[in-house]
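This report refers to the structure that appears directly beneath it.
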There are 4 protein chains.
Amino acid sequence: MINTDSHRRQRRKDARPAELAAAALALFVEKGFAATRLDDVASRAGVSKGTLYLYFDSKEALFRAVIEESIVPMIGEVEAMVEQFKDDPAHLLRSLLVFWWERIGSTSLAGTCKLMLCEAGNFPEVAVYLNERVIGPWHMLLNKVIEAGMQKGVFRQGNPESVRQMVFSPLLLQSVWQCSLHMCSGARPMPDNYFDTFFDVLFRGLLVEPTEESQR
Amino acid sequence: MINTDSHRRQRRKDARPAELAAAALALFVEKGFAATRLDDVASRAGVSKGTLYLYFDSKEALFRAVIEESIVPMIGEVEAMVEQFKDDPAHLLRSLLVFWWERIGSTSLAGTCKLMLCEAGNFPEVAVYLNERVIGPWHMLLNKVIEAGMQKGVFRQGNPESVRQMVFSPLLLQSVWQCSLHMCSGARPMPDNYFDTFFDVLFRGLLVEPTEESQR
Amino acid sequence: MINTDSHRRQRRKDARPAELAAAALALFVEKGFAATRLDDVASRAGVSKGTLYLYFDSKEALFRAVIEESIVPMIGEVEAMVEQFKDDPAHLLRSLLVFWWERIGSTSLAGTCKLMLCEAGNFPEVAVYLNERVIGPWHMLLNKVIEAGMQKGVFRQGNPESVRQMVFSPLLLQSVWQCSLHMCSGARPMPDNYFDTFFDVLFRGLLVEPTEESQR
Amino acid sequence: MINTDSHRRQRRKDARPAELAAAALALFVEKGFAATRLDDVASRAGVSKGTLYLYFDSKEALFRAVIEESIVPMIGEVEAMVEQFKDDPAHLLRSLLVFWWERIGSTSLAGTCKLMLCEAGNFPEVAVYLNERVIGPWHMLLNKVIEAGMQKGVFRQGNPESVRQMVFSPLLLQSVWQCSLHMCSGARPMPDNYFDTFFDVLFRGLLVEPTEESQR
DNA sequence: CATGAATGAGGTTTCATTCAT
DNA sequence: CATGAATGAAACCTCATTCAT
């Protein structure tokens, strides 16, 4: 006969590390790494402080694990975007940005972005790793799309790096901002027509021959 | 005859608080508030740990003083921008952004931006104060210019908040990024044609009747 | 089967605060509050410095707890004396004084008396509290007995406050003195006939019609 | 021609150590030795902190000097009392106690009494010295008077130590008490008839043949 | 596995002491 | 002489880490 309790406990046990990492992420994002006490992580996860050490060797290991756990899905998401590469540069660029927002910018992974922005200086190897595996590929992907659009004569000529920052900065900053200032600006959600205006202005500025459709 | 030594010491004493605050700012920006040791602040400023307490009551007071010292010039800069308000919305907007970059984004005040982004959660009152005195007015100023442009029929219709983020996020993020990742991305300066492309695309997208000149 | 070790540890944990407070009291009495290092308190209690902070929020909280723990039994003792109130003023007064000496003056609570005498100026609220709950009631009790004796014509007329100091000061000072000068006067115990002479002279001076018995 | 300013300054300079010691005494009595900051001593004396070190080698030296300055007059007072030794034991004892109260107990020397009671443990050599030069002689003096009275058959028989404590404790404790609890019991002055009652009861209890006069 | 009492290294803070002016 | 800015040893206090239960 199968012991249901044991089942639940098993599931509980397997999920532990992820629960702990989630609690840690939330607090690291809120307070920063150094200002977060393991006591608080433990009590937020509903376990005792000692339990953390059953799953992570040290506070720093916990941090790395938290980042690691976020980086893996990020890599997945970026790779998934690369797969979707198609022929219409404008449509592709828009898709990539929407995709990023939906899969990263508006999810809990946004916290990881803030965390890296703030803690990169204290964990250089982590920053380098992240740069190599996530940020670099993602920038390269955007660059490729932008350059392809320019070469095809669909996008106007210009410095692709500059264009990349134009199209991506608003999304990234918005997602980081929401992590940081949730307490003072009231964490209002983005208005529906935010993206409409964004893409409207963006593509009218970017396209050689803007059409109404291409800006939707 | 004037005693030179006494002069030097006097100047030294008067300059002390600012020197200490500068050292503290640099380290707070680099490591974050909690991860910065007062030992390090002191030795970077070339004084002993105890000396800090001659000028600041506590580590937190030092932080507030550091922010305060940055906020005052920021307020000044923002107010100076308000004064320059003129009639040509496109030219004005461009001027404001260039002004911001030259007076804030590319100066040591950029560090304060990063600091607030990272530490706002740990110093809510400071964040609120900053929001009221600097961020809010600055956003309002940009919004007013954008809305005026739209009402005059110079800018195309759209969500002004969205436009504001489009035009400002790249600058802000760039300046924060340079504070954070100086170690891994090598702190390369912005390329000359960065702003050219930025404004070219931006104003072509924004203006109802774009002309070559208006985009310069 | 009962786990003895667990029992011991449990007992240990429950007893900790009292053990720590006892160690602290001893050192506070010996050196004074400010001159006592928490290191010393900890090592006298056989624990590490950090352990103190598991039970008390700060050095000052430790002080308050130490006093608190002494005040409660003092209140109990004073209330117990009030209960014993009977009819023969001379006998009652003698009983009260003997009781005070046996339950307070010659016990470890004497240290608390010295502590308050020395530290009252640094902890005014504690002094006020002690005054309201212990010293005041005790003085009132003595006063009542003395005044009752005078009204009944058993004691000679006079200023009751003055009489109270006459009868109580020698005991209080003796107990404080023994806390203070244990090192230089060798902490000799009080001689057996100390009280005999004390009460003999006291009651002969106090009673309207002194008899041999009444002075025993 | 005599420079008046120089005169005043001279007097000022000569008086400096005494002024500093007075400021120190006041604070040592109020807060205790360890809790008193030299900053406070200096500012109470109206000088800078460094000036203290022109007159005293260290904080401890200051303490010793403060005690020393008090002990010398005490010794003088006690010796003056010894000189007045006369034939009527009751009158003599009363004179000694009144003398002590007027010259020590009710003066600023009372603070020194409190100080020694509280700090004796932290300065054993000072305590020993004080014991040898002041406390011992004073106790011996009282003892001699009491024993003489007993041998002459003027005082009733009993333990002279006990009698000494009876007659002296109320005065000593009263003077210390006024130093300690000035803040909570309002520092009310002793009532006029305090001594009347005190001596009335005391000598009626002490004398073999009490008379009305002898108790005045 | 999980706990939480205990630890002690390391941070912040205080303050007696020094010294150039 | 007098000052007060500067120092650094030593205090208080925190919290990541360990380990007996």
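Chain labels run A, B, ... following the order of the structure tokens; each chain numbers its residues from 1, and ligands are numbered from 1 in the order shown.
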Extract the full set of alpha helix (DSSP H) residues from stretch 7-136 of chain D according to DSSP on the backbone, and format it as a ChimeraX atom specification. /D:7-31,38-45,49-55,59-83,89-100,109-119,124-130,136
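Between chain C and chain A, which have the same sequence, the C-alpha root-mean-square deviation after superposition works out to 0.3 Å.
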Return the single residue from C:Leu109, C:Ala34, C:Ala21, C:Ala26 that is closest to F:DC12, with distances computed using only C-alpha atoms (C1' of nucleotides). C:Ala34
Record the distance separating atom CA of C:Trp101 and atom CA of C:Gln178, expressed in Å with one decimal. 12.8 Å
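Non-sequential neighbours of stretch 128-144 of chain D (distance at most 8 Å, separation of 5 or more positions within a chain, only C-alpha atoms (C1' of nucleotides)) are Cys184 of chain C; Ile71, Met74, Ile75, Val78, Val82, Leu93, Pro160, Glu161 and Arg164 of chain D.
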Near-E:DT7 list (12 Å; only C-alpha atoms (C1' of nucleotides); drop same-chain fewer than 5 positions) as a short mmCIF file (atom, residue, chain, number, x, y, z; two decimals) with C-alpha atoms (C1' of nucleotides), in the first residue's frame:
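Written output follows (around21.cif):
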```cif
data_model
loop_
_atom_site.label_atom_id
_atom_site.label_comp_id
_atom_site.auth_asym_id
_atom_site.auth_seq_id
_atom_site.Cartn_x
_atom_site.Cartn_y
_atom_site.Cartn_z
CA VAL C 47 29.05 30.95 27.47
CA SER C 48 30.21 32.98 24.52
CA LYS C 49 29.50 36.63 24.05
CA GLY C 50 26.98 36.00 21.30
CA THR C 51 24.87 33.82 23.54
CA LEU C 52 23.98 36.80 25.69
CA TYR C 53 22.24 38.28 22.70
CA LEU C 54 20.03 35.23 22.30
"C1'" DC F 15 25.03 37.08 11.86
"C1'" DA F 16 27.02 33.22 8.90
"C1'" DT F 17 28.16 28.87 10.33
"C1'" DT F 18 28.24 24.59 13.20
"C1'" DC F 19 26.54 20.65 15.70
#
```
Give me the chain E side of the contact with chain C, cut-off 9 Å, one line per residue showing its nearest atom pair and distance in Å at one decimal, counting only C-alpha atoms (C1' of nucleotides), sorted by chain and residue number, as JSON lines.
```
{"residue": "E:DA5", "atom": "C1'", "partner": "C:Lys13", "partner_atom": "CA", "distance": 8.1}
{"residue": "E:DA6", "atom": "C1'", "partner": "C:Thr51", "partner_atom": "CA", "distance": 6.4}
{"residue": "E:DT7", "atom": "C1'", "partner": "C:Ser48", "partner_atom": "CA", "distance": 6.6}
{"residue": "E:DG8", "atom": "C1'", "partner": "C:Gly50", "partner_atom": "CA", "distance": 7.7}
```
Using only C-alpha atoms (C1' of nucleotides), please write the residues we just selected to a file, as a short mmCIF file (atom, residue, chain, number, x, y, z; two decimals), in the first residue's frame.
```cif
data_model
loop_
_atom_site.label_atom_id
_atom_site.label_comp_id
_atom_site.auth_asym_id
_atom_site.auth_seq_id
_atom_site.Cartn_x
_atom_site.Cartn_y
_atom_site.Cartn_z
"C1'" DA E 5 21.07 26.96 20.61
"C1'" DA E 6 25.67 28.19 20.56
"C1'" DT E 7 29.69 30.16 18.58
"C1'" DG E 8 33.20 33.69 17.29
#
```
For chain D, which residues have at least one atom within 8 Å of chain C, if we go by only C-alpha atoms? Write them as number ranges by chain, please. D: 30-32, 34-35, 114, 117-122, 124, 127-128, 158-159, 161-163, 165-166, 169-170, 173, 177, 180-181, 183-184, 193-195, 197-198, 200-206
How would the residues just picked look written out with N, CA and C atoms as a CSV table (one decimal), in the first residue's frame?
```csv
chain,number,residue,atom,x,y,z
D,30,GLU,N,27.8,61.7,39.8
D,30,GLU,CA,26.6,61.6,39.1
D,30,GLU,C,26.5,60.3,38.3
D,31,LYS,N,27.5,60.0,37.6
D,31,LYS,CA,27.4,58.9,36.6
D,31,LYS,C,28.3,57.7,37.0
D,32,GLY,N,29.2,57.9,37.8
D,32,GLY,CA,30.2,56.9,38.1
D,32,GLY,C,31.5,57.1,37.2
D,34,ALA,N,33.4,55.1,35.3
D,34,ALA,CA,33.5,54.5,33.9
D,34,ALA,C,32.5,55.2,32.9
D,35,ALA,N,31.4,55.6,33.5
D,35,ALA,CA,30.4,56.2,32.6
D,35,ALA,C,30.6,57.7,32.3
D,114,LYS,N,29.9,58.8,48.4
D,114,LYS,CA,29.2,58.0,47.5
D,114,LYS,C,30.2,57.3,46.5
D,117,LEU,N,32.0,54.4,47.9
D,117,LEU,CA,31.1,53.3,48.1
D,117,LEU,C,30.9,52.5,46.7
D,118,CYS,N,30.8,53.3,45.7
D,118,CYS,CA,30.5,52.7,44.4
D,118,CYS,C,31.8,52.2,43.7
D,119,GLU,N,32.9,52.9,43.8
D,119,GLU,CA,34.0,52.6,43.0
D,119,GLU,C,35.1,51.9,43.7
D,120,ALA,N,34.9,51.7,45.0
D,120,ALA,CA,36.0,51.0,45.8
D,120,ALA,C,36.5,49.7,45.1
D,121,GLY,N,35.5,49.0,44.6
D,121,GLY,CA,35.9,47.7,44.0
D,121,GLY,C,36.8,47.9,42.8
D,122,ASN,N,36.7,49.0,42.1
D,122,ASN,CA,37.5,49.2,40.9
D,122,ASN,C,38.9,49.9,41.2
D,124,PRO,N,41.1,49.4,44.3
D,124,PRO,CA,41.4,48.8,45.6
D,124,PRO,C,42.4,49.6,46.4
D,127,ALA,N,40.9,52.5,47.9
D,127,ALA,CA,40.1,52.2,49.0
D,127,ALA,C,40.9,51.9,50.2
D,128,VAL,N,41.9,51.1,50.0
D,128,VAL,CA,42.8,50.8,51.2
D,128,VAL,C,43.4,52.1,51.8
D,158,GLY,N,27.4,47.2,76.0
D,158,GLY,CA,27.0,46.6,74.7
D,158,GLY,C,28.1,46.6,73.7
D,159,ASN,N,27.9,46.1,72.6
D,159,ASN,CA,28.9,46.0,71.5
D,159,ASN,C,29.2,47.3,71.0
D,161,GLU,N,30.9,48.4,68.5
D,161,GLU,CA,30.8,48.5,67.0
D,161,GLU,C,29.4,48.7,66.6
D,162,SER,N,28.5,47.9,67.3
D,162,SER,CA,27.1,48.0,67.0
D,162,SER,C,26.6,49.4,67.2
D,163,VAL,N,27.0,49.9,68.4
D,163,VAL,CA,26.6,51.3,68.7
D,163,VAL,C,27.1,52.3,67.7
D,165,GLN,N,27.7,51.8,64.6
D,165,GLN,CA,26.9,51.8,63.4
D,165,GLN,C,25.5,52.5,63.6
D,166,MET,N,25.0,52.2,64.8
D,166,MET,CA,23.7,52.8,65.0
D,166,MET,C,23.7,54.3,64.9
D,169,SER,N,25.4,55.3,60.9
D,169,SER,CA,24.8,54.9,59.6
D,169,SER,C,23.7,55.9,59.1
D,170,PRO,N,22.9,56.3,60.0
D,170,PRO,CA,21.8,57.2,59.5
D,170,PRO,C,22.4,58.5,58.8
D,173,LEU,N,24.3,57.3,55.4
D,173,LEU,CA,23.4,56.9,54.4
D,173,LEU,C,22.6,58.1,53.8
D,177,TRP,N,22.6,59.0,50.0
D,177,TRP,CA,21.3,59.0,49.4
D,177,TRP,C,21.0,60.3,48.6
D,180,SER,N,22.6,60.3,45.3
D,180,SER,CA,22.1,59.3,44.3
D,180,SER,C,20.7,59.6,43.8
D,181,LEU,N,19.8,59.9,44.7
D,181,LEU,CA,18.5,59.9,44.2
D,181,LEU,C,17.9,61.3,44.1
D,183,MET,N,17.3,62.8,41.7
D,183,MET,CA,16.4,63.0,40.6
D,183,MET,C,15.0,62.5,40.9
D,184,CYS,N,14.9,61.5,41.7
D,184,CYS,CA,13.6,60.9,41.9
D,184,CYS,C,12.9,61.2,43.2
D,193,ASN,N,13.6,69.1,62.7
D,193,ASN,CA,13.5,68.3,63.9
D,193,ASN,C,14.1,66.9,63.7
D,194,TYR,N,14.7,66.7,62.5
D,194,TYR,CA,15.3,65.4,62.2
D,194,TYR,C,16.3,65.0,63.3
D,195,PHE,N,17.3,65.9,63.5
D,195,PHE,CA,18.3,65.6,64.5
D,195,PHE,C,17.7,65.6,66.0
D,197,THR,N,14.8,64.4,67.0
D,197,THR,CA,14.3,63.1,67.3
D,197,THR,C,15.4,62.1,67.3
D,198,PHE,N,16.3,62.2,66.4
D,198,PHE,CA,17.4,61.3,66.3
D,198,PHE,C,18.2,61.2,67.7
D,200,ASP,N,17.3,62.5,70.5
D,200,ASP,CA,16.4,62.2,71.6
D,200,ASP,C,16.3,60.7,71.9
D,201,VAL,N,16.0,60.0,70.8
D,201,VAL,CA,15.8,58.5,70.9
D,201,VAL,C,17.2,57.9,71.2
D,202,LEU,N,18.2,58.3,70.5
D,202,LEU,CA,19.5,57.7,70.6
D,202,LEU,C,20.0,57.8,72.1
D,203,PHE,N,20.0,59.0,72.6
D,203,PHE,CA,20.6,59.1,74.0
D,203,PHE,C,19.7,58.5,75.1
D,204,ARG,N,18.4,58.6,74.8
D,204,ARG,CA,17.6,57.9,75.8
D,204,ARG,C,17.9,56.4,75.8
D,205,GLY,N,18.2,55.9,74.7
D,205,GLY,CA,18.5,54.5,74.6
D,205,GLY,C,19.9,54.2,75.1
D,206,LEU,N,20.7,55.1,74.9
D,206,LEU,CA,22.1,54.9,75.2
D,206,LEU,C,22.5,55.2,76.7
```
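The interatomic distance for the pair atom CA of D:Ala110 and atom CA of D:Val66 works out to 13.0 Å.
When the distance limit is 10 Å and only C-alpha atoms (C1' of nucleotides) are what count, the residues near E:DC15, minus those fewer than 5 positions from it on the same chain, are Gly50 of chain B; Arg37, Leu38 and Asp39 of chain D; DA9, DA10 and DA11 of chain F.
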With chain B as the partner and 9 Å as the cut-off, tabulate the residues of chain F that qualify, each row holding the nearest pair of atoms and their distance in Å to one decimal, using only C-alpha atoms (C1' of nucleotides), sorted by chain and rising number, as a tab-separated table.
```
residue	atom	partner	partner_atom	distance
F:DA5	C1'	B:Lys13	CA	8.1
F:DA6	C1'	B:Thr51	CA	6.5
F:DT7	C1'	B:Ser48	CA	6.6
F:DG8	C1'	B:Gly50	CA	7.8
```
Selection above as a file: N, CA and C atoms (P, O5', C5', C4', C3', O3' and C1' of nucleotides), as a tab-separated table (two decimals), in the first residue's frame:
```
chain	number	residue	atom	x	y	z
F	5	DA	P	37.64	70.17	15.54
F	5	DA	O5'	38.46	69.42	14.41
F	5	DA	C5'	39.61	70.04	13.87
F	5	DA	C4'	40.67	69.00	13.53
F	5	DA	C3'	40.14	67.74	12.87
F	5	DA	O3'	41.11	67.34	11.90
F	5	DA	C1'	41.22	67.15	14.90
F	6	DA	P	40.78	66.09	10.99
F	6	DA	O5'	41.55	64.90	11.70
F	6	DA	C5'	42.97	64.96	11.76
F	6	DA	C4'	43.50	63.79	12.57
F	6	DA	C3'	42.96	62.41	12.17
F	6	DA	O3'	44.05	61.65	11.68
F	6	DA	C1'	42.94	62.71	14.54
F	7	DT	P	43.80	60.14	11.25
F	7	DT	O5'	44.08	59.32	12.58
F	7	DT	C5'	45.35	59.46	13.21
F	7	DT	C4'	45.37	58.69	14.51
F	7	DT	C3'	45.02	57.21	14.35
F	7	DT	O3'	46.17	56.45	14.69
F	7	DT	C1'	43.91	58.20	16.23
F	8	DG	P	46.48	55.07	14.02
F	8	DG	O5'	45.96	54.05	15.12
F	8	DG	C5'	46.48	54.13	16.44
F	8	DG	C4'	45.60	53.33	17.38
F	8	DG	C3'	45.12	51.97	16.82
F	8	DG	O3'	44.96	51.08	17.91
F	8	DG	C1'	43.27	53.24	17.36
```
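In this structure, atom CA of D:Asp40 sits 8.8 Å away from atom CA of D:Ala23.
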